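Have a look at query_24.txt below; it lists compact mmCIF, C-alpha atoms and all ligand atoms.
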```
# COMPACT_ATOMS: atom_id res chain seq x y z
CA MET S 50 112.13 110.83 38.55
CA PRO S 51 111.08 108.05 41.01
CA ARG S 52 107.49 108.35 42.20
CA ALA S 53 106.27 107.48 45.68
CA LEU S 54 102.77 107.16 47.09
CA ILE S 55 102.37 107.69 50.83
CA THR S 56 99.31 106.90 52.94
CA GLY S 57 99.40 108.76 56.25
CA ILE S 58 101.31 111.63 54.62
CA THR S 59 99.84 114.16 57.08
CA GLY S 60 101.17 112.25 60.12
CA GLN S 61 104.51 112.51 61.90
CA ASP S 62 106.30 109.93 59.76
CA GLY S 63 104.55 110.84 56.51
CA SER S 64 105.69 114.44 56.79
CA TYR S 65 109.33 113.56 57.51
CA LEU S 66 109.24 111.00 54.71
CA VAL S 67 108.12 113.71 52.25
CA ASP S 68 111.01 115.93 53.38
CA PHE S 69 113.40 113.04 52.86
CA LEU S 70 112.05 111.78 49.51
CA LEU S 71 111.91 115.28 48.01
CA SER S 72 115.57 115.70 49.00
CA LYS S 73 116.27 112.47 47.10
CA GLY S 74 114.62 113.81 43.92
CA TYR S 75 111.29 111.94 44.16
CA GLU S 76 107.86 113.05 43.03
CA VAL S 77 105.59 112.37 46.01
CA HIS S 78 101.86 111.67 46.08
CA GLY S 79 99.92 111.43 49.31
CA LEU S 80 96.51 110.29 50.47
CA ILE S 81 94.72 112.78 52.71
CA ARG S 82 91.38 112.62 54.46
CA ARG S 83 88.77 115.27 54.07
CA ALA S 84 88.39 117.13 57.37
CA SER S 85 86.42 120.21 58.36
CA THR S 86 89.66 121.93 59.35
CA PHE S 87 93.08 121.80 57.67
CA ASN S 88 94.93 118.59 58.55
CA THR S 89 98.04 119.43 56.53
CA GLY S 90 99.84 121.43 59.22
CA ARG S 91 102.90 119.17 59.15
CA LEU S 92 103.26 119.71 55.38
CA GLY S 93 102.88 123.50 55.27
CA HIS S 94 106.64 124.17 55.14
CA ILE S 95 107.08 122.14 51.93
CA TYR S 96 103.79 122.77 50.20
CA VAL S 97 104.11 124.23 46.71
CA ASP S 98 101.00 125.04 44.68
CA PRO S 99 100.68 122.10 42.25
CA HIS S 100 99.91 124.56 39.43
CA LEU S 101 103.42 125.95 39.68
CA PRO S 102 106.26 124.42 37.69
CA GLY S 103 108.60 122.45 39.91
CA ALA S 104 105.88 121.24 42.32
CA ARG S 105 106.73 117.67 43.31
CA MET S 106 104.22 116.93 46.08
CA PHE S 107 100.61 116.18 45.20
CA LEU S 108 97.79 115.44 47.64
CA HIS S 109 94.73 113.31 46.85
CA TYR S 110 91.55 112.88 48.87
CA GLY S 111 90.64 109.38 49.99
CA ASP S 112 90.29 107.14 53.00
CA LEU S 113 91.64 103.76 54.01
CA SER S 114 88.05 102.53 54.31
CA ASP S 115 87.36 103.23 50.62
CA SER S 116 88.86 100.56 48.38
CA GLY S 117 87.45 102.11 45.18
CA GLN S 118 89.42 105.32 45.65
CA LEU S 119 92.57 103.41 46.72
CA THR S 120 92.40 101.36 43.52
CA ASN S 121 91.87 104.51 41.49
CA LEU S 122 94.78 106.27 43.17
CA ILE S 123 97.29 103.47 42.66
CA TYR S 124 96.22 103.11 39.04
CA ASN S 125 96.49 106.85 38.30
CA VAL S 126 99.68 107.61 40.25
CA HIS S 127 101.46 104.47 39.03
CA PRO S 128 104.02 104.63 41.86
CA ASP S 129 107.42 102.98 42.03
CA GLU S 130 107.21 102.80 45.81
CA ILE S 131 104.26 102.74 48.20
CA TYR S 132 104.73 103.64 51.86
CA HIS S 133 101.64 102.53 53.73
CA LEU S 134 101.80 104.57 56.94
CA GLY S 135 98.13 105.49 57.40
CA SER S 136 96.47 104.03 60.48
CA GLN S 137 94.48 104.70 63.62
CA SER S 138 97.80 104.73 65.45
CA HIS S 139 96.87 105.46 69.06
CA VAL S 140 97.07 102.38 71.28
CA ARG S 141 94.95 103.74 74.16
CA VAL S 142 92.28 104.94 71.74
CA SER S 143 92.20 101.51 70.09
CA PHE S 144 90.58 100.12 73.28
CA ASP S 145 87.76 102.67 72.85
CA ILE S 146 87.27 102.07 69.12
CA PRO S 147 88.49 98.49 68.50
CA GLU S 148 86.26 97.84 65.49
CA TYR S 149 87.27 101.05 63.71
CA THR S 150 90.92 100.32 64.50
CA GLY S 151 90.58 96.84 62.97
CA ASP S 152 88.96 98.33 59.89
CA ILE S 153 91.55 101.06 59.25
CA THR S 154 94.77 99.71 60.78
CA GLY S 155 94.06 96.12 59.75
CA LEU S 156 91.75 95.90 56.73
CA GLY S 157 93.11 99.18 55.30
CA THR S 158 96.32 97.27 54.58
CA THR S 159 94.47 94.55 52.68
CA ARG S 160 92.64 97.19 50.64
CA ILE S 161 95.96 98.70 49.53
CA LEU S 162 97.69 95.38 48.88
CA GLU S 163 94.75 94.06 46.90
CA ALA S 164 94.45 97.30 44.86
CA LEU S 165 98.16 97.03 44.08
CA ARG S 166 97.95 93.36 43.14
CA ARG S 167 94.98 93.90 40.83
CA SER S 168 96.64 96.90 39.17
CA GLY S 169 99.54 94.72 38.03
CA ILE S 170 101.89 97.62 38.88
CA LYS S 171 105.24 96.43 40.17
CA ALA S 172 105.62 98.95 42.99
CA ARG S 173 107.69 98.18 46.06
CA TYR S 174 105.49 98.17 49.16
CA TYR S 175 106.40 99.27 52.69
CA GLN S 176 104.21 98.15 55.61
CA ALA S 177 104.35 100.24 58.79
CA SER S 178 104.56 97.41 61.30
CA SER S 179 105.12 98.07 64.97
CA SER S 180 106.97 96.92 68.07
CA GLU S 181 103.51 96.96 69.66
CA MET S 182 103.06 93.57 67.92
CA PHE S 183 105.59 92.05 70.36
CA GLY S 184 103.45 93.17 73.29
CA ALA S 185 104.11 90.79 76.17
CA SER S 186 107.07 88.98 74.57
CA PRO S 187 110.10 89.78 76.74
CA PRO S 188 112.90 91.99 75.36
CA PRO S 189 115.14 92.29 73.46
CA GLN S 190 112.82 91.79 70.47
CA ASN S 191 113.98 90.99 66.95
CA GLU S 192 112.50 89.61 63.70
CA LYS S 193 112.25 86.11 65.23
CA THR S 194 110.49 87.13 68.45
CA PRO S 195 106.92 85.76 68.67
CA PHE S 196 104.13 88.33 68.47
CA TYR S 197 101.91 88.71 71.57
CA PRO S 198 99.84 91.86 70.98
CA ARG S 199 98.27 93.55 73.99
CA SER S 200 95.82 95.93 72.32
CA PRO S 201 93.31 96.08 69.45
CA TYR S 202 95.91 98.24 67.68
CA GLY S 203 98.63 95.62 68.18
CA ALA S 204 96.34 92.85 66.96
CA ALA S 205 95.41 94.86 63.84
CA LYS S 206 99.11 95.46 63.11
CA VAL S 207 99.86 91.72 63.44
CA TYR S 208 97.12 91.04 60.87
CA SER S 209 98.62 93.66 58.53
CA TYR S 210 102.11 92.25 59.00
CA TRP S 211 100.97 88.80 57.92
CA MET S 212 98.99 90.16 54.97
CA ALA S 213 102.15 91.83 53.67
CA VAL S 214 104.10 88.57 54.14
CA ASN S 215 101.36 86.59 52.39
CA TYR S 216 101.22 88.91 49.38
CA ARG S 217 105.01 88.63 49.15
CA GLU S 218 105.05 84.85 49.36
CA GLY S 219 101.77 84.16 47.54
CA TYR S 220 101.97 86.61 44.65
CA GLY S 221 105.70 87.34 44.49
CA MET S 222 105.06 91.01 45.27
CA TYR S 223 107.81 93.18 46.72
CA ALA S 224 106.59 93.85 50.28
CA SER S 225 108.65 94.76 53.34
CA ASN S 226 107.64 95.10 56.97
CA GLY S 227 109.46 97.75 58.96
CA ILE S 228 108.91 96.73 62.59
CA LEU S 229 109.58 100.12 64.07
CA PHE S 230 109.97 100.80 67.76
CA ASN S 231 108.65 104.07 69.21
CA HIS S 232 109.98 107.11 67.40
CA GLU S 233 109.31 110.66 68.43
CA SER S 234 110.00 114.20 67.31
CA PRO S 235 108.71 117.76 67.46
CA ARG S 236 106.04 116.58 64.97
CA ARG S 237 104.83 113.74 67.23
CA GLY S 238 101.06 113.65 67.81
CA GLU S 239 100.24 115.70 70.92
CA THR S 240 98.60 112.85 72.88
CA PHE S 241 101.50 110.37 72.73
CA VAL S 242 103.31 110.42 76.04
CA THR S 243 106.61 112.07 75.00
CA ARG S 244 105.00 115.00 73.24
CA LYS S 245 102.37 115.32 75.96
CA ILE S 246 105.23 115.77 78.43
CA THR S 247 107.29 118.22 76.35
CA ARG S 248 104.26 120.35 75.47
CA ALA S 249 103.22 120.44 79.12
CA ILE S 250 106.69 121.64 80.09
CA ALA S 251 106.40 124.52 77.62
CA ALA S 252 102.92 125.40 78.90
CA ILE S 253 104.12 125.28 82.54
CA LYS S 254 107.08 127.52 81.69
CA ALA S 255 104.69 129.93 79.95
CA GLY S 256 102.47 129.99 83.04
CA LYS S 257 99.54 128.38 81.23
CA GLN S 258 99.46 124.98 82.96
CA LYS S 259 100.04 123.91 86.57
CA GLU S 260 99.95 120.10 86.50
CA LEU S 261 100.48 117.23 84.11
CA PHE S 262 98.33 114.10 84.44
CA LEU S 263 99.88 110.85 83.22
CA GLY S 264 99.16 107.12 83.52
CA ASN S 265 101.66 104.28 83.95
CA LEU S 266 105.09 105.76 84.65
CA ASP S 267 106.81 102.36 84.82
CA ALA S 268 106.28 101.31 81.20
CA ARG S 269 109.55 101.23 79.28
CA ARG S 270 109.99 102.11 75.62
CA ASP S 271 112.83 102.13 73.11
CA TRP S 272 112.54 105.76 71.94
CA GLY S 273 114.34 107.01 68.82
CA PHE S 274 114.20 110.08 66.56
CA ALA S 275 111.56 109.85 63.80
CA TYR S 276 113.61 111.38 60.97
CA GLU S 277 116.10 108.51 61.22
CA TYR S 278 113.27 105.97 61.08
CA VAL S 279 111.87 107.28 57.79
CA GLN S 280 115.38 106.95 56.37
CA ALA S 281 115.25 103.29 57.44
CA MET S 282 111.92 102.86 55.58
CA TRP S 283 113.50 104.13 52.37
CA MET S 284 116.60 101.97 52.86
CA MET S 285 114.37 98.89 53.16
CA LEU S 286 112.79 99.59 49.78
CA GLN S 287 116.21 100.02 48.14
CA HIS S 288 117.14 96.48 49.23
CA ASP S 289 117.07 93.95 46.37
CA LYS S 290 114.18 91.95 47.83
CA GLY S 291 111.26 92.44 50.19
CA ASP S 292 112.07 91.45 53.77
CA ASP S 293 111.25 92.29 57.40
CA PHE S 294 113.39 94.50 59.64
CA VAL S 295 113.32 95.61 63.25
CA VAL S 296 114.32 99.26 63.71
CA GLY S 297 115.12 100.78 67.11
CA THR S 298 117.95 102.06 69.28
CA GLY S 299 118.50 99.10 71.64
CA GLN S 300 118.00 101.29 74.72
CA SER S 301 114.88 101.47 76.81
CA ASN S 302 113.75 104.09 79.32
CA SER S 303 110.70 104.40 81.49
CA VAL S 304 108.04 107.08 81.11
CA ARG S 305 109.23 108.37 84.51
CA GLU S 306 112.79 108.70 83.18
CA PHE S 307 111.55 110.60 80.13
CA ALA S 308 109.64 113.02 82.37
CA GLU S 309 112.60 113.47 84.77
CA GLU S 310 115.01 114.15 81.92
CA ALA S 311 112.69 116.57 80.11
CA PHE S 312 111.65 118.58 83.17
CA SER S 313 115.20 118.84 84.44
CA TYR S 314 116.50 120.01 81.04
CA ALA S 315 113.94 122.83 81.27
CA GLY S 316 115.06 123.63 84.82
CA LEU S 317 111.99 122.16 86.54
CA ASP S 318 111.50 119.48 89.18
CA TRP S 319 109.25 116.86 87.57
CA ASP S 320 107.60 115.47 90.69
CA LYS S 321 106.20 118.89 91.63
CA TYR S 322 104.06 118.82 88.48
CA VAL S 323 103.35 115.23 87.43
CA LYS S 324 100.18 113.65 88.85
CA ILE S 325 98.62 110.27 88.11
CA ASP S 326 95.19 109.83 86.52
CA LYS S 327 93.97 106.24 86.25
CA LYS S 328 92.13 107.03 83.02
CA TYR S 329 95.46 106.96 81.15
CA PHE S 330 96.16 103.34 82.18
CA ARG S 331 95.36 100.65 79.63
CA PRO S 332 93.41 97.42 80.21
CA THR S 333 96.50 95.53 79.06
CA GLU S 334 99.92 97.17 78.94
CA VAL S 335 103.14 96.57 77.03
CA GLU S 336 105.72 96.73 79.81
CA ASN S 337 109.07 96.79 78.09
CA LEU S 338 110.29 97.17 74.51
CA ILE S 339 113.96 96.99 73.51
CA ALA S 340 114.93 96.56 69.87
CA ASP S 341 117.56 94.19 68.65
CA ALA S 342 118.11 95.91 65.29
CA SER S 343 121.23 93.97 64.34
CA LYS S 344 119.66 92.72 61.08
CA ALA S 345 118.93 96.27 59.86
CA ARG S 346 122.44 97.32 60.85
CA LYS S 347 124.04 94.40 59.04
CA ILE S 348 121.93 94.28 55.85
CA LEU S 349 120.86 97.91 55.41
CA GLY S 350 123.69 99.66 57.23
CA TRP S 351 121.10 101.56 59.30
CA GLU S 352 122.24 102.88 62.66
CA PRO S 353 120.64 105.60 64.81
CA LYS S 354 122.65 108.70 65.71
CA ILE S 355 120.31 110.48 68.13
CA THR S 356 120.34 109.26 71.72
CA PHE S 357 117.53 109.33 74.27
CA ARG S 358 118.94 112.43 76.04
CA GLU S 359 119.36 114.24 72.72
CA LEU S 360 115.83 113.37 71.61
CA VAL S 361 114.44 114.85 74.82
CA ARG S 362 116.39 118.07 74.22
CA ILE S 363 115.22 118.37 70.61
CA MET S 364 111.59 117.98 71.65
CA VAL S 365 111.69 120.31 74.68
CA ASP S 366 113.44 123.02 72.67
CA SER S 367 110.91 122.80 69.89
CA ASP S 368 107.86 122.98 72.15
CA MET S 369 109.35 125.91 74.05
CA GLU S 370 110.01 127.72 70.76
CA GLU S 371 106.44 127.01 69.67
CA ALA S 372 105.18 128.53 72.94
CA GLY S 373 107.17 131.70 72.22
CA LEU S 374 109.81 130.98 74.89
CA THR S 375 113.58 130.93 74.59
CA PRO S 376 114.66 127.30 74.98
CA PRO S 377 118.00 126.12 76.41
CA GLY S 378 118.88 125.53 72.73
CA GLU S 379 120.86 122.30 72.72
CA GLY S 380 118.33 120.58 70.42
CA ARG S 381 119.07 122.56 67.26
CA ARG S 382 122.80 122.41 67.98
CA ILE S 383 122.63 118.60 68.24
CA LEU S 384 120.75 118.29 64.92
CA ALA S 385 123.20 120.60 63.16
CA ALA S 386 126.25 118.85 64.63
CA LYS S 387 124.94 115.46 63.50
CA GLY S 388 124.18 116.67 59.98
CA PHE S 389 120.37 116.54 59.91
CA PRO S 390 118.98 118.63 57.05
CA ILE S 391 116.15 119.98 59.19
CA GLY S 392 115.66 123.71 58.80
CA SER S 393 113.23 126.05 60.47
CA LYS S 394 110.56 123.34 60.77
CA LEU S 395 111.89 120.72 63.18
P1 LIG R 401 100.31 109.42 62.99
O1 LIG R 401 101.10 110.67 63.22
O2 LIG R 401 99.20 109.10 63.92
O3 LIG R 401 99.75 109.48 61.50
C1 LIG R 401 98.75 108.59 61.07
C2 LIG R 401 98.35 108.97 59.66
O4 LIG R 401 97.31 108.07 59.22
C3 LIG R 401 97.79 110.40 59.52
O5 LIG R 401 98.23 110.95 58.31
C4 LIG R 401 96.30 110.16 59.51
O6 LIG R 401 95.57 111.17 58.86
C5 LIG R 401 96.25 108.87 58.67
N1 LIG R 401 94.97 108.17 58.81
C6 LIG R 401 94.34 107.79 59.94
N2 LIG R 401 93.17 107.22 59.65
C7 LIG R 401 93.03 107.25 58.30
C8 LIG R 401 92.03 106.84 57.40
N3 LIG R 401 90.89 106.29 57.83
N4 LIG R 401 92.24 107.02 56.07
C9 LIG R 401 93.37 107.62 55.62
N5 LIG R 401 94.37 108.04 56.44
C10 LIG R 401 94.19 107.86 57.76
O7 LIG R 401 101.29 108.15 62.98
P2 LIG R 401 102.88 108.09 62.81
O8 LIG R 401 103.48 108.21 64.17
O9 LIG R 401 103.29 108.98 61.74
O10 LIG R 401 103.06 106.56 62.39
C11 LIG R 401 103.04 106.18 61.00
C12 LIG R 401 102.68 104.70 60.91
O11 LIG R 401 103.66 103.92 61.60
C13 LIG R 401 101.35 104.32 61.53
O12 LIG R 401 100.83 103.24 60.78
C14 LIG R 401 101.72 103.83 62.92
O13 LIG R 401 100.74 102.95 63.38
C15 LIG R 401 103.03 103.15 62.63
N6 LIG R 401 104.02 103.11 63.69
C16 LIG R 401 104.34 104.24 64.38
C17 LIG R 401 105.34 104.21 65.34
C18 LIG R 401 105.75 105.44 66.09
O14 LIG R 401 106.39 105.28 67.14
N7 LIG R 401 105.44 106.62 65.60
C19 LIG R 401 106.00 102.99 65.60
C20 LIG R 401 105.66 101.86 64.86
C21 LIG R 401 104.68 101.93 63.90
P3 LIG R 401 95.03 112.48 59.66
O15 LIG R 401 96.22 113.43 59.72
O16 LIG R 401 93.93 112.96 58.81
O17 LIG R 401 94.62 112.02 61.03
N1 LIG R 402 99.65 108.30 75.53
C1 LIG R 402 99.93 108.26 76.84
N2 LIG R 402 99.42 109.22 77.65
N3 LIG R 402 100.70 107.25 77.31
C2 LIG R 402 101.00 107.25 78.64
C3 LIG R 402 100.52 108.23 79.51
C4 LIG R 402 99.68 109.26 79.00
O1 LIG R 402 99.21 110.14 79.70
N4 LIG R 402 101.01 107.95 80.74
C5 LIG R 402 101.75 106.87 80.65
N5 LIG R 402 101.75 106.42 79.37
C6 LIG R 402 102.44 105.21 78.89
C7 LIG R 402 101.55 104.25 78.12
O2 LIG R 402 100.79 103.45 79.03
C8 LIG R 402 102.61 103.46 77.34
O3 LIG R 402 103.12 102.42 78.15
C9 LIG R 402 103.72 104.49 77.12
O4 LIG R 402 103.43 105.61 77.96
C10 LIG R 402 103.83 104.98 75.68
O5 LIG R 402 102.56 105.38 75.25
P1 LIG R 402 102.35 106.17 73.86
O6 LIG R 402 103.26 107.33 73.80
O7 LIG R 402 100.89 106.41 73.71
O8 LIG R 402 102.89 105.14 72.77
P2 LIG R 402 102.65 103.57 72.58
O9 LIG R 402 103.94 102.88 72.93
O10 LIG R 402 101.43 103.10 73.24
O11 LIG R 402 102.40 103.47 71.01
C11 LIG R 402 103.24 104.16 70.08
O12 LIG R 402 104.32 103.35 69.73
C12 LIG R 402 103.98 102.17 69.00
C13 LIG R 402 105.30 101.41 68.72
O13 LIG R 402 105.64 100.63 69.83
C14 LIG R 402 102.38 104.56 68.88
O14 LIG R 402 103.13 105.41 68.05
C15 LIG R 402 102.00 103.34 68.06
O15 LIG R 402 101.37 103.76 66.84
C16 LIG R 402 103.29 102.57 67.71
O16 LIG R 402 103.02 101.45 66.91
```
Could you write out this file's structure as structure tokens?
Amino acid sequence: MPRALITGITGQDGSYLVDFLLSKGYEVHGLIRRASTFNTGRLGHIYVDPHLPGARMFLHYGDLSDSGQLTNLIYNVHPDEIYHLGSQSHVRVSFDIPEYTGDITGLGTTRILEALRRSGIKARYYQASSSEMFGASPPPQNEKTPFYPRSPYGAAKVYSYWMAVNYREGYGMYASNGILFNHESPRRGETFVTRKITRAIAAIKAGKQKELFLGNLDARRDWGFAYEYVQAMWMMLQHDKGDDFVVGTGQSNSVREFAEEAFSYAGLDWDKYVKIDKKYFRPTEVENLIADASKARKILGWEPKITFRELVRIMVDSDMEEAGLTPPGEGRRILAAKGFPIGSKL
């Protein structure tokens, strides 16, 4: 049975990756942080008591700031594959806590890579790199586009990217960078703009919210569906050598377009509800991201199936369901029609 270790297992991508790896027959180990409340909400639907026979997901306490525990974990789990997804992943927040972001999103990577190198274990390593590294470089962006990060988060991810490349070239380790463009889902963190919009729509429909405050509506992002992006991560590690791949849809939409599409799907007029609050603007912004994912298509055979419009429908439906409302219902139909093995927990 192949064994995977995931940092960031409690996050959006970590939770979909567990779903996917368990379906592929893996035993999965994940790093979780101690918190005063449960932070495993995204894993509840697949959690099986580890005392029971047949349990294949195991959670271990630790933190990306603690190299001793990371070393211990890699040594004890002895993984075949490591997916390093853990990070302080919020770009706006990275301007408020730049030092912490550098420590976790940047140095955290070095702690894992160094623990792996010293262990002598020949695991394949996946680095969660980001389109945010391209920053101000004009689109379309591919593996050859120069990095020009526009946030402490972007700068920390550029550092991590190069550490993975250096461990690959310097020590012959198997390390791949997935340069993923924005990917969203019903499990997206509630303060990222897409989920903030779809949750607000559900709350407005339920009569619990009257307005939605956003920042820059003109920024454009290449938004895809997260489940397909964790499949791309796995496909990268099945490739015969470590390499770097851009993953995205090739289509970009503005925040305004996302809001228009989502509100209108729910039968609402977006500009009656959306208001601007300057506090959501960033000191430096990434204006436009559009992936050129031709390398991933050619070498890995990866291609996204879910379009922008479909993604919006999946997310609005899910948030309306969560609010106890009856959604228009196209989201689940789209997932079923396109063969996604996502059951009750979208
Ligand atoms: P996410 O939902 O914010 O999840 C981040 C994960 O990192 C959570 O499990 C979080 O744990 C964990 N984490 C944060 N600080 C930690 C620490 N000090 N020690 C240990 N774990 C820590 O992010 P995501 O959207 O799944 O993204 C996964 C990775 O891909 C991240 O590295 C992100 O930067 C990168 N990425 C994301 C996108 C995207 O569009 N989603 C695109 C490109 C790259 P808690 O649950 O305890 O907070
Ligand atoms: N979060 C947020 N909240 N963003 C807003 C808002 C708001 O109220 N109003 C406008 N925006 C704009 C932001 O200025 C940005 O241009 C865009 O919406 C997307 O913001 P986020 O959803 O926060 O995502 P991000 O693009 O900054 O970062 C995400 O994608 C990166 C990949 O490009 C994160 O998942 C990163 O971890 C990831 O690496």
Which residues of chain S come within 6 Å of ligand LIG 401 (chain R), and what is each one's closest atom pair and distance in Å (one decimal), counting only C-alpha atoms and all ligand atoms, sorted by chain and residue number, as a Markdown table?
```
| residue | atom | partner | partner_atom | distance |
| --- | --- | --- | --- | --- |
| S:Gly57 | CA | R:LIG401 | O5 | 3.2 |
| S:Ile58 | CA | R:LIG401 | O5 | 4.9 |
| S:Thr59 | CA | R:LIG401 | O5 | 3.8 |
| S:Gly60 | CA | R:LIG401 | O3 | 3.4 |
| S:Gln61 | CA | R:LIG401 | O9 | 3.7 |
| S:Asp62 | CA | R:LIG401 | O9 | 3.7 |
| S:Gly63 | CA | R:LIG401 | O9 | 5.7 |
| S:Arg82 | CA | R:LIG401 | O16 | 5.1 |
| S:Asn88 | CA | R:LIG401 | O15 | 5.4 |
| S:Asp112 | CA | R:LIG401 | N4 | 3.6 |
| S:Leu113 | CA | R:LIG401 | N4 | 3.9 |
| S:Ser114 | CA | R:LIG401 | N3 | 5.9 |
| S:Leu134 | CA | R:LIG401 | C12 | 4.1 |
| S:Gly135 | CA | R:LIG401 | O4 | 3.3 |
| S:Ser136 | CA | R:LIG401 | O4 | 4.3 |
| S:Gln137 | CA | R:LIG401 | C6 | 4.8 |
| S:Ser138 | CA | R:LIG401 | O13 | 4.0 |
| S:Ile153 | CA | R:LIG401 | N3 | 5.5 |
| S:Ala177 | CA | R:LIG401 | O11 | 4.7 |
| S:Ser178 | CA | R:LIG401 | C21 | 5.2 |
| S:Ser179 | CA | R:LIG401 | C20 | 3.8 |
| S:Leu229 | CA | R:LIG401 | C20 | 4.4 |
| S:Phe230 | CA | R:LIG401 | C19 | 5.0 |
| S:Asn231 | CA | R:LIG401 | O14 | 3.3 |
| S:His232 | CA | R:LIG401 | O14 | 4.0 |
| S:Gly238 | CA | R:LIG401 | O1 | 5.5 |
```
Fill in: For S:Arg381: contacts at 9 Å, all atoms listed in the file, fewer than 2 positions along chain excluded, given as number ranges by chain
S: 362-363, 366-367, 378-379, 383-386, 391, 395
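For the residues S:Asp145, S:Glu352, S:Glu359, S:Glu336, ranking by smallest atom-to-atom distance to S:Gln280 using only C-alpha atoms places S:Glu352 first.
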Discussion item. Could you list, as a ChimeraX atom specification, every residue within 7 Å of stretch 185-190 of chain S, counting only C-alpha atoms and ignoring same-chain residues fewer than 5 positions away?
Written reply: /S:195-199,335,337-341
Practice prompt. Enumerate as a PyMOL selection string the residues within 8 Å of ligand LIG 402 (chain R), counting all atoms listed in the file.
Written response: chain S and resi 137-141+178-182+202-203+229-232+240-245+262-270+304+326+329-331+334-336+338
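A distance cut-off of 10 Å around (118.5, 99.7, 55.8), counting all atoms listed in the file, selects these protein and nucleic acid residues: Gly227, Tyr278, Gln280, Ala281, Met282, Trp283, Met284, Met285, Leu286, Gln287, His288, Phe294, Val295, Val296, Lys344, Ala345, Arg346, Lys347, Ile348, Leu349, Gly350, Trp351 and Glu352 of chain S.
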The selected residues should be written to file as a tab-separated table (two decimals), in the coordinates of the input (atoms: C-alpha atoms).
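Produced file result-v4.tsv, reproduced below:
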```tsv
chain	number	residue	atom	x	y	z
S	227	GLY	CA	109.46	97.75	58.96
S	278	TYR	CA	113.27	105.97	61.08
S	280	GLN	CA	115.38	106.95	56.37
S	281	ALA	CA	115.25	103.29	57.44
S	282	MET	CA	111.92	102.86	55.58
S	283	TRP	CA	113.50	104.13	52.37
S	284	MET	CA	116.60	101.97	52.86
S	285	MET	CA	114.37	98.89	53.16
S	286	LEU	CA	112.79	99.59	49.78
S	287	GLN	CA	116.21	100.02	48.14
S	288	HIS	CA	117.14	96.48	49.23
S	294	PHE	CA	113.39	94.50	59.64
S	295	VAL	CA	113.32	95.61	63.25
S	296	VAL	CA	114.32	99.26	63.71
S	344	LYS	CA	119.66	92.72	61.08
S	345	ALA	CA	118.93	96.27	59.86
S	346	ARG	CA	122.44	97.32	60.85
S	347	LYS	CA	124.04	94.40	59.04
S	348	ILE	CA	121.93	94.28	55.85
S	349	LEU	CA	120.86	97.91	55.41
S	350	GLY	CA	123.69	99.66	57.23
S	351	TRP	CA	121.10	101.56	59.30
S	352	GLU	CA	122.24	102.88	62.66
```
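With only C-alpha atoms as the atoms that count, the minimum distance from S:Ala315 to the choices S:Gly291, S:Pro390, S:Pro377, S:Gly93 is reached by S:Pro377.
We find atom CA of S:Ala205 and atom CA of S:Asp152 to be spaced 8.3 Å apart.
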Discussion item. If I take atom CA of S:Ile81 and atom CA of S:Phe107, how far is one from the other in Å, to one decimal?
Written reply: 10.1 Å
Discussion item. Given the point (108.8, 121.7, 69.7) in the coordinates of this file, which residues lie within 10 Å, counting all atoms listed in the file, and how would they look as a VMD selection string?
Written reply: chain S and resid 234 to 237 244 247 to 248 251 362 to 372 376 380 394 to 395
Worksheet item: How many Å separate atom CA of S:Ile355 from atom CA of S:Tyr65?
Response: 15.6 Å
Worksheet, complete the sentence: In terms of all atoms listed in the file, the residue from S:Lys254, S:His133, S:Arg358, S:Arg83 at minimal distance from S:Ile55 is S:His133
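Comparing the minimum interatomic distances between S:Tyr322 and each of S:Ala252, S:Met106, S:Ala342, S:Leu119, counting only C-alpha atoms, we find that S:Ala252 sits nearest.
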Padding 4 Å on each side, edges along x, y and z: where is the centre of the box around the listed atoms of stretch 259-268 of chain S, and how long are its edges in Å to one decimal? Output it as lines of an AutoDock Vina configuration file.
```
center_x = 102.6
center_y = 112.6
center_z = 83.9
size_x = 16.5
size_y = 30.6
size_z = 13.4
```
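Distances to S:Asp68 were evaluated for S:Ile146, S:Ala172, S:Val214, S:Val279 using only C-alpha atoms, and the minimum falls at S:Val279.
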